[in-house]
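J.: Just protein_37.csv, nothing more (CSV, C-alpha atoms):
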chain,number,residue,atom,x,y,z
A,1,MET,CA,0.0,0.0,0.0
A,2,VAL,CA,1.1,3.5,-0.8
A,3,SER,CA,1.9,5.5,2.4
A,4,LEU,CA,2.2,9.2,3.2
A,5,LYS,CA,5.9,8.7,3.4
A,6,ASP,CA,5.9,7.5,-0.3
A,7,ILE,CA,4.0,10.7,-1.4
A,8,ALA,CA,6.3,12.9,0.7
A,9,GLY,CA,9.4,11.4,-0.9
A,10,ARG,CA,8.1,11.9,-4.4
A,11,CYS,CA,7.1,15.5,-3.6
A,12,GLY,CA,10.1,16.5,-1.6
A,13,VAL,CA,8.1,17.6,1.4
A,14,SER,CA,7.5,16.3,5.0
A,15,VAL,CA,5.0,13.6,5.9
A,16,ALA,CA,3.2,16.3,8.0
A,17,THR,CA,2.8,18.5,5.0
A,18,VAL,CA,1.3,15.7,3.0
A,19,SER,CA,-1.1,14.9,5.8
A,20,LYS,CA,-2.2,18.5,6.0
A,21,ALA,CA,-2.6,18.9,2.3
A,22,LEU,CA,-4.7,15.8,2.0
A,23,ASN,CA,-6.9,17.0,4.9
A,24,ASP,CA,-7.2,20.5,3.3
A,25,HIS,CA,-5.5,22.4,6.1
A,26,SER,CA,-5.5,26.2,5.6
A,27,ASP,CA,-1.8,26.6,6.4
A,28,ILE,CA,-0.8,24.7,3.2
A,29,GLY,CA,-0.9,26.7,-0.1
A,30,ALA,CA,-3.3,25.8,-2.9
A,31,GLU,CA,-0.5,25.1,-5.3
A,32,THR,CA,1.2,22.7,-2.9
A,33,LYS,CA,-2.1,21.0,-2.1
A,34,GLU,CA,-2.8,20.4,-5.8
A,35,ARG,CA,0.7,19.0,-6.5
A,36,ILE,CA,0.5,16.6,-3.5
A,37,ARG,CA,-3.0,15.4,-4.4
A,38,LYS,CA,-2.0,14.8,-8.0
A,39,VAL,CA,0.9,12.7,-6.9
A,40,ALA,CA,-1.3,10.8,-4.4
A,41,ASN,CA,-3.7,10.0,-7.2
A,42,GLU,CA,-1.0,8.9,-9.5
A,43,LEU,CA,0.4,6.5,-6.9
A,44,GLY,CA,-3.0,5.2,-6.1
A,45,TYR,CA,-3.0,6.3,-2.5
A,46,VAL,CA,-6.0,5.2,-0.4
A,47,PRO,CA,-6.5,6.6,3.1
A,48,ASN,CA,-6.2,4.1,5.9
A,49,ALA,CA,-9.7,4.0,7.5
A,50,ALA,CA,-8.4,2.5,10.7
A,51,ALA,CA,-5.7,5.0,11.1
A,52,LYS,CA,-8.1,7.9,10.4
A,53,SER,CA,-10.6,6.4,12.9
A,54,MET,CA,-7.9,6.4,15.6
A,55,LYS,CA,-7.0,10.0,14.9
A,56,THR,CA,-10.6,11.4,14.6
A,57,ASN,CA,-12.2,9.0,17.1
A,58,ARG,CA,-14.9,8.4,14.4
A,59,THR,CA,-15.4,5.4,12.0
A,60,HIS,CA,-17.9,7.3,9.8
A,61,ASN,CA,-20.0,4.1,10.0
A,62,ILE,CA,-23.6,4.2,11.2
A,63,GLY,CA,-25.6,1.1,12.3
A,64,VAL,CA,-29.1,0.4,11.1
A,65,LEU,CA,-31.4,-1.7,13.4
A,66,PHE,CA,-34.4,-2.7,11.4
A,67,MET,CA,-36.8,-5.6,11.8
A,68,ASP,CA,-39.9,-6.6,9.9
A,69,ASP,CA,-42.3,-9.2,11.3
A,70,ALA,CA,-43.9,-9.6,7.9
A,71,ASN,CA,-40.5,-10.8,6.5
A,72,SER,CA,-40.6,-8.4,3.6
A,73,GLY,CA,-37.1,-7.1,4.5
A,74,LEU,CA,-35.8,-4.3,2.3
A,75,GLN,CA,-38.9,-4.7,0.0
A,76,HIS,CA,-41.0,-3.2,2.8
A,77,ASP,CA,-43.0,-0.5,1.0
A,78,PHE,CA,-42.9,2.0,3.7
A,79,PHE,CA,-39.5,1.5,5.4
A,80,ALA,CA,-37.5,0.8,2.2
A,81,SER,CA,-38.2,4.4,1.2
A,82,VAL,CA,-37.4,5.7,4.7
A,83,LEU,CA,-34.1,3.9,4.7
A,84,GLU,CA,-33.3,5.1,1.1
A,85,GLY,CA,-33.8,8.7,2.2
A,86,PHE,CA,-31.6,8.0,5.3
A,87,LYS,CA,-28.9,6.4,3.2
A,88,ARG,CA,-28.7,9.3,0.8
A,89,GLU,CA,-28.4,11.8,3.5
A,90,VAL,CA,-25.7,10.1,5.5
A,91,GLU,CA,-23.7,9.1,2.4
A,92,LYS,CA,-23.7,12.7,1.3
A,93,GLU,CA,-21.9,13.6,4.6
A,94,GLY,CA,-19.3,10.8,4.1
A,95,TYR,CA,-20.9,8.1,6.3
A,96,ASP,CA,-21.4,4.4,5.4
A,97,ILE,CA,-24.2,2.3,6.9
A,98,THR,CA,-24.1,-1.3,8.2
A,99,PHE,CA,-27.1,-3.4,9.2
A,100,ILE,CA,-27.2,-4.8,12.7
A,101,SER,CA,-28.1,-8.5,12.6
A,102,ASN,CA,-31.3,-9.4,14.6
A,103,ASP,CA,-31.0,-13.1,13.9
A,104,ARG,CA,-31.2,-14.5,17.4
A,105,SER,CA,-30.8,-18.1,16.2
A,106,ARG,CA,-27.2,-17.5,15.4
A,107,PRO,CA,-24.8,-19.2,17.9
A,108,GLY,CA,-22.8,-16.8,20.0
A,109,ARG,CA,-24.6,-13.7,18.8
A,110,ASP,CA,-23.9,-10.4,20.5
A,111,SER,CA,-26.5,-8.1,22.0
A,112,TYR,CA,-27.3,-5.0,19.8
A,113,LEU,CA,-25.2,-2.8,22.1
A,114,THR,CA,-22.3,-5.2,22.1
A,115,HIS,CA,-22.5,-5.5,18.3
A,116,ALA,CA,-22.6,-1.7,17.9
A,117,ARG,CA,-19.6,-1.2,20.2
A,118,TYR,CA,-17.7,-4.0,18.4
A,119,ARG,CA,-18.3,-2.3,15.0
A,120,ARG,CA,-17.6,1.1,16.6
A,121,PHE,CA,-20.6,2.7,15.1
A,122,ASP,CA,-20.7,6.5,15.4
A,123,GLY,CA,-24.5,6.3,15.8
A,124,VAL,CA,-27.5,4.1,15.2
A,125,ILE,CA,-30.9,4.5,13.6
A,126,ILE,CA,-33.7,2.3,14.9
A,127,ALA,CA,-36.8,1.5,12.9
A,128,ASN,CA,-39.7,-0.9,13.0
A,129,VAL,CA,-38.3,-3.1,15.9
A,130,HIS,CA,-40.0,-4.3,19.1
A,131,PHE,CA,-39.2,-1.1,20.9
A,132,GLY,CA,-39.9,-2.7,24.4
A,133,ASP,CA,-37.2,-5.4,23.7
A,134,PRO,CA,-34.6,-5.1,26.6
A,135,GLU,CA,-31.8,-5.2,24.1
A,136,VAL,CA,-33.2,-2.3,22.1
A,137,VAL,CA,-33.8,-0.3,25.3
A,138,GLU,CA,-30.2,-1.0,26.4
A,139,LEU,CA,-28.9,0.3,23.1
A,140,VAL,CA,-31.1,3.4,23.4
A,141,LYS,CA,-29.9,4.2,26.9
A,142,SER,CA,-26.2,3.8,26.0
A,143,ASP,CA,-23.8,6.6,25.2
A,144,ILE,CA,-24.1,5.9,21.4
A,145,PRO,CA,-26.1,8.6,19.6
A,146,VAL,CA,-29.4,7.1,18.5
A,147,VAL,CA,-32.3,8.3,16.4
A,148,THR,CA,-35.6,6.4,16.3
A,149,ILE,CA,-38.3,6.3,13.7
A,150,ASP,CA,-42.0,6.5,14.9
A,151,HIS,CA,-41.3,5.6,18.5
A,152,ILE,CA,-40.7,8.0,21.4
A,153,TYR,CA,-38.2,7.3,24.2
A,154,ASN,CA,-37.3,9.9,26.8
A,155,ASP,CA,-34.0,11.8,26.0
A,156,THR,CA,-33.8,10.3,22.4
A,157,THR,CA,-34.4,12.1,19.1
A,158,THR,CA,-37.4,10.7,17.3
A,159,ILE,CA,-38.6,11.3,13.8
A,160,LEU,CA,-42.3,10.9,13.6
A,161,SER,CA,-44.8,10.7,10.7
A,162,ASP,CA,-47.7,13.0,11.3
A,163,ASN,CA,-50.1,10.3,12.5
A,164,VAL,CA,-52.4,12.7,14.2
A,165,GLY,CA,-52.6,15.0,11.2
A,166,GLY,CA,-53.1,12.1,8.9
A,167,MET,CA,-55.9,10.4,10.8
A,168,THR,CA,-57.5,13.8,11.3
A,169,GLU,CA,-57.6,14.6,7.6
A,170,LEU,CA,-58.9,11.1,6.7
A,171,VAL,CA,-61.8,11.3,9.2
A,172,ASP,CA,-62.6,14.9,8.1
A,173,PHE,CA,-62.7,13.8,4.5
A,174,ALA,CA,-64.8,10.8,5.1
A,175,VAL,CA,-67.4,12.7,7.3
A,176,ALA,CA,-67.5,15.6,4.8
A,177,SER,CA,-68.3,13.0,2.2
A,178,GLY,CA,-71.4,12.0,4.2
A,179,HIS,CA,-70.1,8.9,6.0
A,180,ARG,CA,-71.1,8.3,9.6
A,181,LYS,CA,-70.8,4.5,9.7
A,182,ILE,CA,-67.0,4.3,9.7
A,183,ALA,CA,-65.2,1.1,10.8
A,184,TYR,CA,-61.5,1.0,11.6
A,185,ILE,CA,-59.3,-2.0,11.3
A,186,HIS,CA,-56.3,-0.8,13.1
A,187,GLY,CA,-52.8,-2.3,13.4
A,188,ALA,CA,-51.3,-4.3,16.2
A,189,ASP,CA,-50.5,-2.4,19.4
A,190,SER,CA,-47.7,0.2,19.1
A,191,SER,CA,-47.2,3.9,19.8
A,192,VAL,CA,-48.2,4.6,16.1
A,193,THR,CA,-51.4,2.5,16.5
A,194,ARG,CA,-52.4,4.1,19.8
A,195,THR,CA,-51.8,7.6,18.4
A,196,ARG,CA,-54.0,6.9,15.3
A,197,LEU,CA,-56.7,5.2,17.3
A,198,VAL,CA,-57.0,8.0,19.9
A,199,THR,CA,-57.2,10.5,17.1
A,200,PHE,CA,-59.9,8.5,15.3
A,201,HIS,CA,-62.0,8.3,18.5
A,202,LYS,CA,-61.4,12.0,19.3
A,203,LYS,CA,-62.5,13.1,15.8
A,204,MET,CA,-65.6,10.9,15.7
A,205,GLU,CA,-66.6,12.3,19.2
A,206,GLU,CA,-66.1,15.8,17.9
A,207,TYR,CA,-68.6,15.0,15.1
A,208,GLY,CA,-71.0,13.5,17.5
A,209,ILE,CA,-70.7,10.1,15.9
A,210,GLU,CA,-70.8,7.0,18.1
A,211,THR,CA,-68.6,4.1,16.9
A,212,PRO,CA,-70.0,0.6,17.8
A,213,ASP,CA,-67.5,-1.7,19.3
A,214,GLU,CA,-67.9,-4.2,16.5
A,215,TYR,CA,-66.7,-1.5,14.1
A,216,LEU,CA,-63.2,-1.7,15.7
A,217,MET,CA,-60.9,-4.6,14.8
A,218,GLU,CA,-57.2,-5.4,15.0
A,219,SER,CA,-55.1,-6.8,12.2
A,220,PRO,CA,-51.3,-6.7,11.9
A,221,TYR,CA,-49.8,-4.1,9.6
A,222,ARG,CA,-49.2,-5.2,6.0
A,223,ASP,CA,-51.3,-8.4,6.6
A,224,THR,CA,-53.7,-8.8,3.7
A,225,HIS,CA,-55.1,-12.0,5.0
A,226,GLY,CA,-55.9,-10.5,8.4
A,227,ALA,CA,-57.5,-7.5,6.8
A,228,TYR,CA,-59.5,-9.8,4.5
A,229,GLU,CA,-60.8,-11.8,7.5
A,230,CYS,CA,-61.7,-8.7,9.5
A,231,THR,CA,-63.5,-7.2,6.5
A,232,LEU,CA,-65.6,-10.3,6.0
A,233,LYS,CA,-66.8,-10.0,9.6
A,234,LEU,CA,-67.7,-6.3,9.2
A,235,LEU,CA,-69.7,-7.1,6.0
A,236,GLU,CA,-71.7,-9.7,7.9
A,237,LEU,CA,-72.9,-7.2,10.4
A,238,GLU,CA,-76.6,-6.4,10.2
A,239,ASP,CA,-75.8,-2.7,10.2
A,240,ARG,CA,-72.6,-2.8,8.1
A,241,PRO,CA,-70.3,0.2,7.8
A,242,THR,CA,-70.4,2.4,4.7
A,243,CYS,CA,-66.6,3.1,5.0
A,244,ILE,CA,-63.7,1.0,6.3
A,245,PHE,CA,-60.4,2.5,7.4
A,246,TYR,CA,-57.3,0.1,7.2
A,247,PRO,CA,-54.0,0.2,9.0
A,248,ASP,CA,-52.0,0.6,5.8
A,249,ASP,CA,-52.4,0.6,2.0
A,250,TYR,CA,-51.1,-2.9,1.7
A,251,ALA,CA,-53.7,-4.3,4.1
A,252,SER,CA,-56.5,-2.4,2.3
A,253,TYR,CA,-56.1,-4.6,-0.8
A,254,GLY,CA,-57.0,-7.6,1.4
A,255,GLY,CA,-60.1,-5.8,2.4
A,256,MET,CA,-61.0,-4.9,-1.2
A,257,ARG,CA,-60.7,-8.6,-2.1
A,258,ALA,CA,-63.2,-9.5,0.7
A,259,ILE,CA,-65.6,-6.9,-0.5
A,260,SER,CA,-65.4,-8.2,-4.1
A,261,GLU,CA,-65.9,-11.8,-3.0
A,262,LYS,CA,-69.1,-10.7,-1.3
A,263,GLY,CA,-70.4,-9.5,-4.6
A,264,LEU,CA,-70.0,-5.8,-3.5
A,265,LYS,CA,-68.2,-3.0,-5.2
A,266,VAL,CA,-65.7,-0.3,-4.1
A,267,PRO,CA,-66.8,2.4,-3.6
A,268,ASP,CA,-70.4,2.0,-4.7
A,269,ASP,CA,-71.3,-0.3,-1.8
A,270,VAL,CA,-68.4,0.1,0.6
A,271,SER,CA,-65.7,2.8,0.7
A,272,VAL,CA,-62.1,2.0,1.5
A,273,VAL,CA,-59.4,4.2,3.1
A,274,GLY,CA,-55.8,3.3,3.5
A,275,PHE,CA,-52.8,4.9,5.2
A,276,ASP,CA,-49.2,5.3,3.8
A,277,GLY,CA,-49.5,6.4,0.2
A,278,ILE,CA,-47.2,3.6,-1.2
A,279,LYS,CA,-46.3,3.9,-4.8
A,280,VAL,CA,-48.2,0.9,-6.1
A,281,ALA,CA,-51.4,2.4,-4.7
A,282,ARG,CA,-51.2,5.3,-7.1
A,283,HIS,CA,-51.2,2.9,-10.1
A,284,ILE,CA,-53.8,0.3,-9.2
A,285,ARG,CA,-57.4,1.1,-10.2
A,286,PRO,CA,-59.5,2.2,-8.4
A,287,ARG,CA,-56.9,4.6,-7.0
A,288,LEU,CA,-56.8,4.3,-3.2
A,289,THR,CA,-58.0,7.1,-1.0
A,290,THR,CA,-55.2,7.3,1.6
A,291,TYR,CA,-52.8,9.6,3.5
A,292,ARG,CA,-49.4,9.7,1.9
A,293,GLN,CA,-46.5,9.8,4.4
A,294,ASP,CA,-43.4,11.6,3.3
A,295,THR,CA,-41.1,8.6,3.7
A,296,GLU,CA,-38.0,10.1,2.0
A,297,GLU,CA,-38.2,13.1,4.3
A,298,LEU,CA,-38.6,10.9,7.3
A,299,GLY,CA,-35.3,9.2,6.3
A,300,ARG,CA,-33.6,12.5,5.5
A,301,GLN,CA,-34.5,14.0,8.8
A,302,ALA,CA,-33.3,10.9,10.6
A,303,GLY,CA,-29.9,11.1,8.9
A,304,LYS,CA,-29.6,14.8,9.4
A,305,ASN,CA,-30.4,14.7,13.1
A,306,LEU,CA,-28.2,11.7,13.8
A,307,ILE,CA,-25.2,13.3,12.1
A,308,ASP,CA,-25.8,16.5,14.2
A,309,LEU,CA,-25.8,14.3,17.4
A,310,ILE,CA,-22.5,12.7,16.2
A,311,GLU,CA,-20.7,15.7,15.0
A,312,ARG,CA,-22.1,18.5,17.2
A,313,PRO,CA,-23.1,16.8,20.5
A,314,LYS,CA,-22.7,19.9,22.7
A,315,THR,CA,-25.0,22.1,20.6
A,316,THR,CA,-27.6,19.6,19.3
A,317,LEU,CA,-30.8,19.2,21.3
A,318,VAL,CA,-32.7,16.0,21.6
A,319,GLN,CA,-36.0,16.6,19.8
A,320,ARG,CA,-39.1,15.2,18.2
A,321,VAL,CA,-39.4,16.0,14.5
A,322,VAL,CA,-42.9,15.6,13.0
A,323,VAL,CA,-42.9,15.1,9.2
A,324,LYS,CA,-46.2,16.0,7.5
A,325,GLY,CA,-47.8,14.1,4.7
A,326,ARG,CA,-50.8,14.8,2.5
A,327,LEU,CA,-54.2,13.4,1.7
A,328,LEU,CA,-54.6,11.6,-1.6
A,329,GLU,CA,-58.3,11.6,-2.4
A,330,GLY,CA,-58.3,8.7,-4.8
A,331,ASP,CA,-61.4,6.9,-6.1
A,332,THR,CA,-62.3,4.4,-3.2
A,333,LEU,CA,-64.3,6.8,-1.1
A,334,LYS,CA,-67.9,7.5,-2.3
A,335,LYS,CA,-69.6,10.8,-1.6
A,336,LEU,CA,-72.9,10.1,0.0
A,337,ASN,CA,-74.1,13.7,0.0
Transcribe the structure of this file into structure tokens.

T.:
Amino acid sequence: MVSLKDIAGRCGVSVATVSKALNDHSDIGAETKERIRKVANELGYVPNAAAKSMKTNRTHNIGVLFMDDANSGLQHDFFASVLEGFKREVEKEGYDITFISNDRSRPGRDSYLTHARYRRFDGVIIANVHFGDPEVVELVKSDIPVVTIDHIYNDTTTILSDNVGGMTELVDFAVASGHRKIAYIHGADSSVTRTRLVTFHKKMEEYGIETPDEYLMESPYRDTHGAYECTLKLLELEDRPTCIFYPDDYASYGGMRAISEKGLKVPDDVSVVGFDGIKVARHIRPRLTTYRQDTEELGRQAGKNLIDLIERPKTTLVQRVVVKGRLLEGDTLKKLN
């Protein structure tokens, strides 16, 4: 490997001068910097990451802790876009990313924190995990800078999709369209689910609309079969809903299949509302009425805030950043008035 000493010998300068030139120090003239950099390129010099890490106390490597119970991995419609936005932001600032393994069947596996320390991550982003997991909590409480997506811990920066605003807009739109019999198939228990469910109840109460207990059902996120089964039960009710809210866009298609199999039509007989705004929903007909979350901005904000915590720890406040989305009216919600 080419060393700083090799470059210094070719240029007739000291090793210290070469180091300063390659690190763009202001006390080295532009002409000298250019000459040294040219020689370094000609010799094929590549900086030693380990040596640089020892000097700066940073590895410029960020850990990503991501888990998906639906086993869709990086094809996850929502989080794939979040992680892409995060990746672009941190790479722009010179950081690499490494995924933290969550395969607990592997013999001799380390805890998340031990793994993060072993890899010497400068920081970690946590998304879509079991946030109550003791290993996750241990990592969050450590001295490693952490940013979470859609889950709030005390003293930790969190990037949140506007779940309150999203549910508010969807209920407002459905009620303004004449619907009062609105069922809600919500996701499994989580801070996101609780926020959306509380907002749903609050808005319905504001409109003076009572929601029967049988109109509320639970199905895992991104589970088309669970949404299909719940929808069949709702359609069998004597006083069936005119509109059904789903936990996410993906699940809503399971619901639409159940509606179709019952010989009914969307939206003529039953209206359907999703949540996420995934790309495929914009191309399938009828176009889904949904709330589009700004996934790329969620990822970008996660990257920006994590780098601030890493590089400017004394002047960066822990905060909650809410990223707004927008209502996509679509064609699956019928106007009754």

J.: Mind listing as a PDB file with C-alpha atoms, in the frame of the given file all residues within 12 Å of (-67.4, -0.8, 8.2), counting only C-alpha atoms?

T.:
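Okay, this is what ended up in part.pdb:
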ATOM      1  CA  HIS A 179     -70.100   8.900   6.000  1.00  0.00           C
ATOM      2  CA  ARG A 180     -71.100   8.300   9.600  1.00  0.00           C
ATOM      3  CA  LYS A 181     -70.800   4.500   9.700  1.00  0.00           C
ATOM      4  CA  ILE A 182     -67.000   4.300   9.700  1.00  0.00           C
ATOM      5  CA  ALA A 183     -65.200   1.100  10.800  1.00  0.00           C
ATOM      6  CA  TYR A 184     -61.500   1.000  11.600  1.00  0.00           C
ATOM      7  CA  ILE A 185     -59.300  -2.000  11.300  1.00  0.00           C
ATOM      8  CA  THR A 211     -68.600   4.100  16.900  1.00  0.00           C
ATOM      9  CA  PRO A 212     -70.000   0.600  17.800  1.00  0.00           C
ATOM     10  CA  ASP A 213     -67.500  -1.700  19.300  1.00  0.00           C
ATOM     11  CA  GLU A 214     -67.900  -4.200  16.500  1.00  0.00           C
ATOM     12  CA  TYR A 215     -66.700  -1.500  14.100  1.00  0.00           C
ATOM     13  CA  LEU A 216     -63.200  -1.700  15.700  1.00  0.00           C
ATOM     14  CA  MET A 217     -60.900  -4.600  14.800  1.00  0.00           C
ATOM     15  CA  CYS A 230     -61.700  -8.700   9.500  1.00  0.00           C
ATOM     16  CA  THR A 231     -63.500  -7.200   6.500  1.00  0.00           C
ATOM     17  CA  LEU A 232     -65.600 -10.300   6.000  1.00  0.00           C
ATOM     18  CA  LYS A 233     -66.800 -10.000   9.600  1.00  0.00           C
ATOM     19  CA  LEU A 234     -67.700  -6.300   9.200  1.00  0.00           C
ATOM     20  CA  LEU A 235     -69.700  -7.100   6.000  1.00  0.00           C
ATOM     21  CA  GLU A 236     -71.700  -9.700   7.900  1.00  0.00           C
ATOM     22  CA  LEU A 237     -72.900  -7.200  10.400  1.00  0.00           C
ATOM     23  CA  GLU A 238     -76.600  -6.400  10.200  1.00  0.00           C
ATOM     24  CA  ASP A 239     -75.800  -2.700  10.200  1.00  0.00           C
ATOM     25  CA  ARG A 240     -72.600  -2.800   8.100  1.00  0.00           C
ATOM     26  CA  PRO A 241     -70.300   0.200   7.800  1.00  0.00           C
ATOM     27  CA  THR A 242     -70.400   2.400   4.700  1.00  0.00           C
ATOM     28  CA  CYS A 243     -66.600   3.100   5.000  1.00  0.00           C
ATOM     29  CA  ILE A 244     -63.700   1.000   6.300  1.00  0.00           C
ATOM     30  CA  PHE A 245     -60.400   2.500   7.400  1.00  0.00           C
ATOM     31  CA  TYR A 246     -57.300   0.100   7.200  1.00  0.00           C
ATOM     32  CA  GLY A 255     -60.100  -5.800   2.400  1.00  0.00           C
ATOM     33  CA  ILE A 259     -65.600  -6.900  -0.500  1.00  0.00           C
ATOM     34  CA  ASP A 269     -71.300  -0.300  -1.800  1.00  0.00           C
ATOM     35  CA  VAL A 270     -68.400   0.100   0.600  1.00  0.00           C
ATOM     36  CA  SER A 271     -65.700   2.800   0.700  1.00  0.00           C
ATOM     37  CA  VAL A 272     -62.100   2.000   1.500  1.00  0.00           C
ATOM     38  CA  VAL A 273     -59.400   4.200   3.100  1.00  0.00           C
TER      39      VAL A 273
END

J.: Applying 8 Å and all atoms listed in the file, which residues near stretch 159-176 of chain A remain after dropping the ones on its own chain fewer than 4 positions away? List them as a PyMOL selection string.

T.: chain A and resi 147-151+180+192+195-196+199-200+203-204+243+273+290-291+293-294+298+301-302+320-327+333

J.: Restricting the calculation to only C-alpha atoms: of A:Asp103, A:Glu229, A:Asp77, A:Glu138, which residue gets closest to A:Asp249?

T.: A:Asp77

J.: For A:His60, which of A:Arg35, A:Arg10, A:Arg282, A:Arg120 is the closest residue, counting all atoms listed in the file?

T.: A:Arg120

J.: Grab the atom CA of A:Arg109 to atom CA of A:Glu135 distance for me, in Å with one decimal place.

T.: 12.3 Å

J.: Between atom CA of A:Pro286 and atom CA of A:Ser252, measure the distance and give it in Å to one decimal.

T.: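 Interatomic distance, atom CA of A:Pro286 to atom CA of A:Ser252: 12.0 Å.
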
J.: Given the choices A:Tyr253, A:Arg292, A:Pro145, A:Gly208, which gets closest to A:Val318 if the distance is worked out from all atoms listed in the file?

T.: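 Using all atoms listed in the file, A:Val318 sits closest to A:Pro145.
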
J.: Using only C-alpha atoms, which protein or nucleic acid residues come within 9 Å of A:Ser3? Drop anything in the same chain fewer than 5 positions from it, and give the result as a PDB file with C-alpha atoms, keeping the file's coordinate frame.

T.:
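That gives us part-v2.pdb:
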ATOM      1  CA  ALA A   8       6.300  12.900   0.700  1.00  0.00           C
ATOM      2  CA  TYR A  45      -3.000   6.300  -2.500  1.00  0.00           C
ATOM      3  CA  VAL A  46      -6.000   5.200  -0.400  1.00  0.00           C
ATOM      4  CA  PRO A  47      -6.500   6.600   3.100  1.00  0.00           C
ATOM      5  CA  ASN A  48      -6.200   4.100   5.900  1.00  0.00           C
TER       6      ASN A  48
END

J.: A:Leu113, A:Val64, A:Val39, A:Val2: which is nearest A:Val90, counting only C-alpha atoms?

T.: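 Answer, going by the shortest atom-to-atom distance: A:Val64.
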
J.: Counting all atoms listed in the file, which residue out of A:Ile36, A:Ile125, A:Ala251, A:Met256 sits closest to A:Ile278?

T.: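 Smallest separation from A:Ile278 among the options: A:Ala251.
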
J.: How many Å lie between atom CA of A:Ser81 and atom CA of A:Gly299, rounded to one decimal?

T.: 7.6 Å
